[in-house]
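*Asks:* Here you go, coords36.tsv (TSV, C-alpha atoms):
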chain	number	residue	atom	x	y	z
V	27	MET	CA	-108.12	-58.62	41.18
V	28	LYS	CA	-108.67	-61.57	38.89
V	29	ILE	CA	-105.35	-62.00	37.12
V	30	LEU	CA	-104.51	-64.31	34.22
V	31	ILE	CA	-100.85	-65.17	33.62
V	32	LEU	CA	-99.87	-66.44	30.17
V	33	GLY	CA	-96.98	-68.89	30.39
V	34	ALA	CA	-95.76	-71.04	33.27
V	35	GLY	CA	-92.03	-70.55	32.72
V	36	LYS	CA	-89.60	-68.99	35.18
V	37	MET	CA	-91.16	-65.53	35.25
V	38	GLY	CA	-94.75	-66.72	34.91
V	39	SER	CA	-94.30	-69.02	37.89
V	40	PHE	CA	-92.64	-66.22	39.85
V	41	PHE	CA	-95.53	-63.82	39.26
V	42	ALA	CA	-98.08	-66.53	40.05
V	43	ASP	CA	-96.38	-67.20	43.37
V	44	VAL	CA	-96.09	-63.49	44.26
V	45	LEU	CA	-99.65	-62.54	43.33
V	46	SER	CA	-101.68	-65.62	44.32
V	47	PHE	CA	-101.92	-64.73	48.02
V	48	GLU	CA	-103.61	-61.37	47.44
V	49	HIS	CA	-105.39	-61.93	44.13
V	50	GLU	CA	-107.39	-64.60	42.33
V	51	VAL	CA	-104.86	-65.96	39.84
V	52	ALA	CA	-105.08	-68.31	36.87
V	53	VAL	CA	-102.17	-69.55	34.76
V	54	LEU	CA	-102.56	-70.63	31.13
V	55	ASP	CA	-99.94	-72.81	29.46
V	56	THR	CA	-100.49	-75.28	26.66
V	57	ASP	CA	-97.91	-77.63	28.20
V	58	PRO	CA	-99.52	-79.31	31.24
V	59	GLN	CA	-96.09	-80.45	32.46
V	60	LYS	CA	-95.15	-76.84	33.19
V	61	LEU	CA	-98.21	-76.44	35.42
V	62	ARG	CA	-97.28	-79.31	37.76
V	63	PHE	CA	-95.63	-77.07	40.35
V	64	ILE	CA	-98.00	-74.09	40.09
V	65	TYR	CA	-99.91	-73.84	43.36
V	66	ASN	CA	-102.71	-71.72	44.83
V	67	THR	CA	-103.91	-70.80	41.32
V	68	GLN	CA	-106.34	-72.02	38.71
V	69	ARG	CA	-104.47	-73.99	36.05
V	70	MET	CA	-105.55	-73.86	32.39
V	71	THR	CA	-104.32	-75.53	29.21
V	72	ASP	CA	-107.10	-74.37	26.85
V	73	ALA	CA	-107.62	-70.69	25.99
V	74	ALA	CA	-111.40	-71.23	25.98
V	75	GLU	CA	-111.25	-71.67	29.77
V	76	VAL	CA	-110.28	-67.98	30.06
V	77	LYS	CA	-113.80	-66.81	29.21
V	78	GLY	CA	-115.27	-68.30	32.38
V	79	PHE	CA	-112.49	-66.82	34.51
V	80	ALA	CA	-113.08	-63.28	33.11
V	81	PRO	CA	-109.76	-61.71	34.18
V	82	GLU	CA	-109.37	-58.02	34.95
V	83	LEU	CA	-105.66	-58.12	34.12
V	84	VAL	CA	-103.58	-60.33	31.83
V	85	ILE	CA	-99.84	-60.64	32.47
V	86	ASN	CA	-98.17	-62.06	29.38
V	87	ALA	CA	-95.11	-64.01	30.54
V	88	ALA	CA	-94.84	-66.19	27.45
V	89	THR	CA	-91.44	-66.68	25.82
V	90	LEU	CA	-90.52	-63.58	23.84
V	91	LYS	CA	-91.05	-65.32	20.50
V	92	TYR	CA	-94.64	-66.08	21.47
V	93	THR	CA	-95.60	-62.91	23.35
V	94	ILE	CA	-97.86	-61.44	20.66
V	95	PRO	CA	-99.24	-64.85	19.53
V	96	ALA	CA	-100.11	-65.58	23.18
V	97	PHE	CA	-102.16	-62.36	23.31
V	98	HIS	CA	-103.98	-63.26	20.09
V	99	ASN	CA	-104.73	-66.70	21.54
V	100	VAL	CA	-106.85	-65.24	24.36
V	101	LEU	CA	-108.11	-61.85	23.08
V	102	SER	CA	-111.52	-63.14	22.01
V	103	TYR	CA	-112.12	-64.59	25.50
V	104	LEU	CA	-111.26	-61.42	27.46
V	105	PRO	CA	-113.66	-58.76	28.78
V	106	GLU	CA	-113.33	-55.45	26.94
V	107	THR	CA	-112.19	-53.77	30.15
V	108	CYS	CA	-109.40	-56.28	30.80
V	109	ILE	CA	-105.96	-54.64	31.06
V	110	LEU	CA	-103.33	-56.22	28.81
V	111	SER	CA	-99.77	-56.33	30.09
V	112	ASP	CA	-96.42	-57.80	29.13
V	113	ILE	CA	-93.06	-58.16	30.88
V	114	ALA	CA	-91.00	-58.61	27.70
V	115	SER	CA	-87.35	-57.61	27.77
V	116	VAL	CA	-87.56	-56.41	24.16
V	117	LYS	CA	-90.57	-54.32	23.13
V	118	THR	CA	-90.23	-54.82	19.37
V	119	GLY	CA	-93.72	-54.91	17.85
V	120	LEU	CA	-95.55	-54.42	21.14
V	121	GLU	CA	-96.09	-50.67	20.84
V	122	GLU	CA	-97.82	-51.22	17.50
V	123	PHE	CA	-99.81	-54.16	18.92
V	124	TYR	CA	-101.20	-52.11	21.80
V	125	ARG	CA	-101.94	-49.13	19.56
V	126	GLU	CA	-104.22	-51.31	17.45
V	127	ARG	CA	-106.23	-52.47	20.47
V	128	THR	CA	-109.03	-50.70	22.35
V	129	ARG	CA	-108.22	-52.30	25.70
V	130	PRO	CA	-106.01	-50.51	28.26
V	131	PHE	CA	-102.45	-51.82	28.50
V	132	VAL	CA	-99.35	-51.63	30.64
V	133	SER	CA	-95.91	-52.72	29.49
V	134	THR	CA	-93.15	-53.30	32.03
V	135	HIS	CA	-89.75	-54.96	32.24
V	136	PRO	CA	-88.65	-56.52	35.53
V	137	MET	CA	-84.90	-56.45	34.96
V	138	PHE	CA	-83.95	-59.43	37.09
V	139	GLY	CA	-83.59	-62.73	35.30
V	140	PRO	CA	-84.24	-65.67	37.62
V	141	THR	CA	-80.94	-67.11	36.36
V	142	PHE	CA	-78.81	-64.58	38.27
V	143	ALA	CA	-81.00	-62.63	40.70
V	144	SER	CA	-81.78	-63.73	44.23
V	145	LEU	CA	-85.57	-63.72	44.23
V	146	SER	CA	-85.58	-63.55	48.03
V	147	ASP	CA	-83.88	-60.13	47.93
V	148	LEU	CA	-84.57	-57.88	44.94
V	149	SER	CA	-83.59	-54.60	46.60
V	150	THR	CA	-80.60	-54.18	44.28
V	151	GLN	CA	-82.64	-54.96	41.15
V	152	SER	CA	-84.68	-52.66	38.90
V	153	ALA	CA	-87.89	-52.59	36.89
V	154	ILE	CA	-89.02	-50.36	34.04
V	155	ILE	CA	-92.60	-49.23	33.45
V	156	ILE	CA	-93.40	-47.90	29.98
V	157	SER	CA	-94.71	-44.33	30.20
V	158	GLU	CA	-97.28	-44.75	27.40
V	159	SER	CA	-99.13	-47.34	29.53
V	160	SER	CA	-102.59	-46.70	31.02
V	161	HIS	CA	-102.76	-45.06	34.44
V	162	LEU	CA	-104.38	-47.95	36.34
V	163	GLY	CA	-101.93	-50.43	34.88
V	164	LYS	CA	-98.97	-48.29	35.90
V	165	VAL	CA	-100.36	-47.91	39.43
V	166	PHE	CA	-100.77	-51.68	39.80
V	167	PHE	CA	-97.24	-52.55	38.68
V	168	ARG	CA	-95.60	-49.66	40.52
V	169	ASP	CA	-97.21	-50.88	43.75
V	170	LEU	CA	-96.22	-54.48	43.00
V	171	TYR	CA	-92.60	-53.67	42.15
V	172	GLN	CA	-92.19	-51.37	45.12
V	173	HIS	CA	-93.61	-54.12	47.35
V	174	LEU	CA	-90.85	-56.36	45.95
V	175	LYS	CA	-88.38	-53.57	46.87
V	176	LEU	CA	-87.38	-53.07	43.23
V	177	ASN	CA	-86.04	-49.73	42.02
V	178	VAL	CA	-88.71	-48.53	39.58
V	179	PHE	CA	-88.08	-46.31	36.55
V	180	GLU	CA	-90.45	-44.99	33.90
V	181	TYR	CA	-89.28	-44.88	30.26
V	182	SER	CA	-90.98	-44.56	26.90
V	183	PHE	CA	-90.94	-47.53	24.53
V	184	ARG	CA	-88.03	-45.92	22.66
V	185	GLU	CA	-86.09	-45.06	25.82
V	186	HIS	CA	-86.58	-48.61	27.07
V	187	ASP	CA	-85.10	-50.20	23.96
V	188	GLU	CA	-82.19	-47.73	23.99
V	189	THR	CA	-81.50	-48.60	27.63
V	190	ILE	CA	-81.68	-52.34	26.99
V	191	ALA	CA	-79.28	-52.01	24.06
V	192	TYR	CA	-76.76	-50.57	26.52
V	193	SER	CA	-77.45	-52.53	29.70
V	194	LEU	CA	-78.00	-55.96	28.11
V	195	SER	CA	-76.46	-55.98	24.65
V	196	ILE	CA	-72.98	-54.93	25.81
V	197	PRO	CA	-72.64	-57.63	28.52
V	198	PHE	CA	-74.37	-60.22	26.32
V	199	ALA	CA	-72.06	-59.57	23.36
V	200	SER	CA	-68.96	-59.45	25.60
V	201	THR	CA	-69.91	-62.73	27.26
V	202	LEU	CA	-70.64	-64.44	23.94
V	203	VAL	CA	-67.25	-63.38	22.58
V	204	PHE	CA	-65.55	-64.67	25.75
V	205	ALA	CA	-67.36	-68.03	25.53
V	206	SER	CA	-66.71	-68.39	21.79
V	207	VAL	CA	-62.93	-68.60	22.30
V	208	MET	CA	-63.00	-70.79	25.40
V	209	LYS	CA	-61.42	-74.20	25.78
V	210	HIS	CA	-61.24	-76.54	28.75
V	211	GLN	CA	-58.98	-75.36	31.58
V	212	ASP	CA	-57.61	-77.90	34.05
V	213	ALA	CA	-56.57	-75.17	36.49
V	214	PRO	CA	-58.83	-72.16	35.86
V	215	GLY	CA	-58.15	-68.92	37.70
V	216	THR	CA	-60.75	-67.13	39.81
V	217	THR	CA	-61.53	-64.53	37.15
V	218	PHE	CA	-61.90	-67.24	34.49
V	219	LYS	CA	-64.32	-69.21	36.68
V	220	ARG	CA	-66.44	-66.15	37.34
V	221	HIS	CA	-66.63	-65.30	33.66
V	222	MET	CA	-67.47	-68.92	32.86
V	223	ALA	CA	-70.31	-68.96	35.41
V	224	ILE	CA	-71.77	-65.83	33.79
V	225	ALA	CA	-71.44	-67.40	30.34
V	226	GLN	CA	-73.12	-70.63	31.44
V	227	GLY	CA	-75.98	-68.68	33.02
V	228	LEU	CA	-76.44	-66.53	29.92
V	229	LEU	CA	-76.41	-69.49	27.57
V	230	SER	CA	-79.05	-71.26	29.64
V	231	GLU	CA	-81.49	-68.57	28.47
V	232	ASP	CA	-83.82	-69.04	25.52
V	233	ASP	CA	-82.02	-68.65	22.15
V	234	PHE	CA	-84.79	-66.43	20.80
V	235	LEU	CA	-84.50	-64.10	23.79
V	236	LEU	CA	-80.75	-63.71	23.27
V	237	THR	CA	-81.26	-63.16	19.55
V	238	GLU	CA	-83.98	-60.54	19.98
V	239	ILE	CA	-81.96	-58.58	22.52
V	240	LEU	CA	-78.97	-58.55	20.19
V	241	PHE	CA	-81.21	-57.69	17.21
V	242	ASN	CA	-82.52	-54.63	19.07
V	243	PRO	CA	-82.21	-51.76	16.53
V	244	TYR	CA	-80.01	-49.87	19.00
V	245	THR	CA	-77.59	-52.75	19.63
V	246	SER	CA	-75.23	-52.30	16.67
V	247	GLU	CA	-73.99	-48.93	17.91
V	248	GLN	CA	-73.19	-50.40	21.33
V	249	VAL	CA	-71.39	-53.47	19.92
V	250	GLU	CA	-69.39	-51.17	17.63
V	251	ARG	CA	-68.09	-49.45	20.77
V	252	ILE	CA	-66.74	-52.82	21.95
V	253	ARG	CA	-65.00	-53.34	18.62
V	254	THR	CA	-63.46	-49.87	18.76
V	255	LYS	CA	-62.08	-50.46	22.25
V	256	LEU	CA	-60.76	-53.91	21.28
V	257	ARG	CA	-58.88	-52.37	18.39
V	258	GLU	CA	-57.40	-49.77	20.74
V	259	LEU	CA	-56.37	-52.43	23.26
V	260	LEU	CA	-54.84	-54.63	20.56
V	261	ASP	CA	-52.84	-51.67	19.30
V	262	ILE	CA	-51.55	-50.94	22.82
V	263	ILE	CA	-50.62	-54.60	23.36
V	264	GLY	CA	-48.94	-54.86	19.96
V	265	ALA	CA	-46.83	-51.76	20.64
V	266	LYS	CA	-46.16	-52.79	24.28
V	267	ASP	CA	-46.90	-49.16	25.14
V	268	SER	CA	-46.90	-48.96	28.94
V	269	GLU	CA	-47.96	-45.32	29.09
V	270	ARG	CA	-50.98	-45.87	26.84
V	271	MET	CA	-51.90	-48.99	28.82
V	272	LYS	CA	-51.77	-46.98	32.03
V	273	GLY	CA	-54.05	-44.35	30.48
V	274	PHE	CA	-56.41	-47.05	29.18
V	275	LEU	CA	-56.70	-48.68	32.62
V	276	THR	CA	-57.25	-45.29	34.29
V	277	GLU	CA	-60.13	-44.59	31.90
V	278	VAL	CA	-61.67	-48.00	32.53
V	279	ARG	CA	-61.47	-47.55	36.31
V	280	LYS	CA	-63.28	-44.20	36.02
V	281	ASN	CA	-66.05	-45.90	34.03
V	282	ILE	CA	-66.81	-48.33	36.86
V	283	GLU	CA	-66.58	-45.91	39.81
Go ahead and express the file in the form of structure tokens.
*Replies:*
Amino acid sequence: MKILILGAGKMGSFFADVLSFEHEVAVLDTDPQKLRFIYNTQRMTDAAEVKGFAPELVINAATLKYTIPAFHNVLSYLPETCILSDIASVKTGLEEFYRERTRPFVSTHPMFGPTFASLSDLSTQSAIIISESSHLGKVFFRDLYQHLKLNVFEYSFREHDETIAYSLSIPFASTLVFASVMKHQDAPGTTFKRHMAIAQGLLSEDDFLLTEILFNPYTSEQVERIRTKLRELLDIIGAKDSERMKGFLTEVRKNIE
């Protein structure tokens, strides 16, 4: 296929590398500096160049803040049969965007940030394909993700955002709270260092991405659960209640079995 990738960031570069050996790939990014290390692909900095390339599939890997604007930037240069796709971690606004278009679409979420995942072995990682997507688009990404040995799941737009509120918002909020009370440690323990590494990796992500994940309409309920459990733990600590602490730890251990 002729595939156009929008954005030459971490994920855009990853997809370009993965796909360029079996497909004709072009990457569009308005910042030529980001295209310096993109190989075996056609490099573009002007949306008008897209018309001559005539892609059959567009993979939108632009920063979350610019996902929909990036689509609008190229829509007039795309063939009517071109499949639109995104890999956004938050689908806010995208369902409505696709509904207003006549082109086929496929929305997916590869749930492995390059910050933490080992891109050489993704067998323990997952990807979500949105069930409302067009058949051909789903087939393409299912084949691609299975080739990468990802565990593939199919959710609706709503189910996806509910899942993300649980699987991302809880660890993001917990990590941000941890990092917000940190101070320099001359002799940090092992657990502290591991938490700090997670916090540093998380905070290296784009601010808008972190904000949008936490602004997910389903996030508040999940963060409220953290607050409820913190209150319970504080009460146990304040009362120095060994029996309640034992019960609390037993419950936590069951949760992570």
*Asks:* Mind pulling up the distance from atom CA of V:Lys117 to atom CA of V:Ala199?
*Replies:*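 So the answer is 19.2 Å.
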*Asks:* Can you tell me, as a compact mmCIF listing (two decimals) with C-alpha atoms, in the coordinates of the input, what residues are no more than 12 Å from V:His98 when counting all atoms listed in the file, ignoring any on the same chain fewer than 3 positions away?
*Replies:*
# COMPACT_ATOMS: atom_id res chain seq x y z
CA LEU V 32 -99.87 -66.44 30.17
CA ALA V 73 -107.62 -70.69 25.99
CA ASN V 86 -98.17 -62.06 29.38
CA TYR V 92 -94.64 -66.08 21.47
CA THR V 93 -95.60 -62.91 23.35
CA ILE V 94 -97.86 -61.44 20.66
CA PRO V 95 -99.24 -64.85 19.53
CA LEU V 101 -108.11 -61.85 23.08
CA SER V 102 -111.52 -63.14 22.01
CA TYR V 103 -112.12 -64.59 25.50
CA LEU V 104 -111.26 -61.42 27.46
CA LEU V 110 -103.33 -56.22 28.81
CA PHE V 123 -99.81 -54.16 18.92
CA TYR V 124 -101.20 -52.11 21.80
CA ARG V 127 -106.23 -52.47 20.47
*Asks:* Have a look at atom CA of V:Ile262 and atom CA of V:Ala191 and let me know their distance in Å, one decimal.
*Replies:*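 Between atom CA of V:Ile262 and atom CA of V:Ala191 the gap works out to 27.8 Å.
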*Asks:* Nearest to V:Asn177 among V:Thr107, V:Gln248, V:Ser268, V:Thr150, with distances taken over only C-alpha atoms: which residue is it?
*Replies:*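 Looking only at the distances to V:Asn177, the closest residue turns out to be V:Thr150.
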*Asks:* For a test of reading the model, state the distance in Å between atom CA of V:Glu75 and atom CA of V:Phe97, rounded to one decimal.
*Replies:*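 Going from atom CA of V:Glu75 over to atom CA of V:Phe97 covers 14.5 Å.
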*Asks:* Do you know which residues are at most 12 Å from V:Ser149 counting all atoms listed in the file, after dropping those on the same chain fewer than 6 positions away, and could you put them as a ChimeraX atom specification?
*Replies:* /V:137-138,143,171-178
*Asks:* Just want the 9 Å neighbourhood of V:Val53, counted on all atoms listed in the file, with same-chain residues fewer than 6 positions away dropped. Output as a list in words.
*Replies:*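 Residues meeting the cut-off are Ile29, Leu30, Ile31, Leu32, Gly33, Ala34, Gly38, Ser39, Ala42, Leu61, Ile64, Thr67, Gln68, Arg69, Met70 and Thr71 of chain V.
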*Asks:* Which residue out of V:Val116, V:Val132, V:Leu194, V:Ile154 has the minimum interatomic distance to V:Glu180 when all atoms listed in the file are used?
*Replies:* V:Ile154
*Asks:* Excluding same-chain residues fewer than 6 positions from V:Ser195, what lies within 8 Å of it counting only C-alpha atoms, as a PyMOL selection string?
*Replies:* chain V and resi 239-240+245+248-249
*Asks:* Mind listing as JSON, numbers by chain all residues within 7 Å of (-103.5, -70.5, 24.1), counting all atoms listed in the file?
*Replies:* {"V": [55, 56, 72, 73, 96, 99, 100]}
*Asks:* Need to verify the contact set: V:Pro130, 8 Å, all atoms listed in the file, exclusion of same-chain residues closer than 3 positions in sequence. Can you return it as a ChimeraX atom specification?
*Replies:* /V:107-110,159-160,163
*Asks:* Write the residues of the preceding selection, restricted to C-alpha atoms, as a PDB file, in the frame of the given file.
*Replies:*
ATOM      1  CA  THR V 107    -112.190 -53.770  30.150  1.00  0.00           C
ATOM      2  CA  CYS V 108    -109.400 -56.280  30.800  1.00  0.00           C
ATOM      3  CA  ILE V 109    -105.960 -54.640  31.060  1.00  0.00           C
ATOM      4  CA  LEU V 110    -103.330 -56.220  28.810  1.00  0.00           C
ATOM      5  CA  SER V 159     -99.130 -47.340  29.530  1.00  0.00           C
ATOM      6  CA  SER V 160    -102.590 -46.700  31.020  1.00  0.00           C
ATOM      7  CA  GLY V 163    -101.930 -50.430  34.880  1.00  0.00           C
TER       8      GLY V 163
END
*Asks:* Using all atoms listed in the file, which residue out of V:Thr134, V:Thr201, V:Thr254, V:Ser206 lies closest to V:Gly227?
*Replies:*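 Answer, going by the shortest atom-to-atom distance: V:Thr201.
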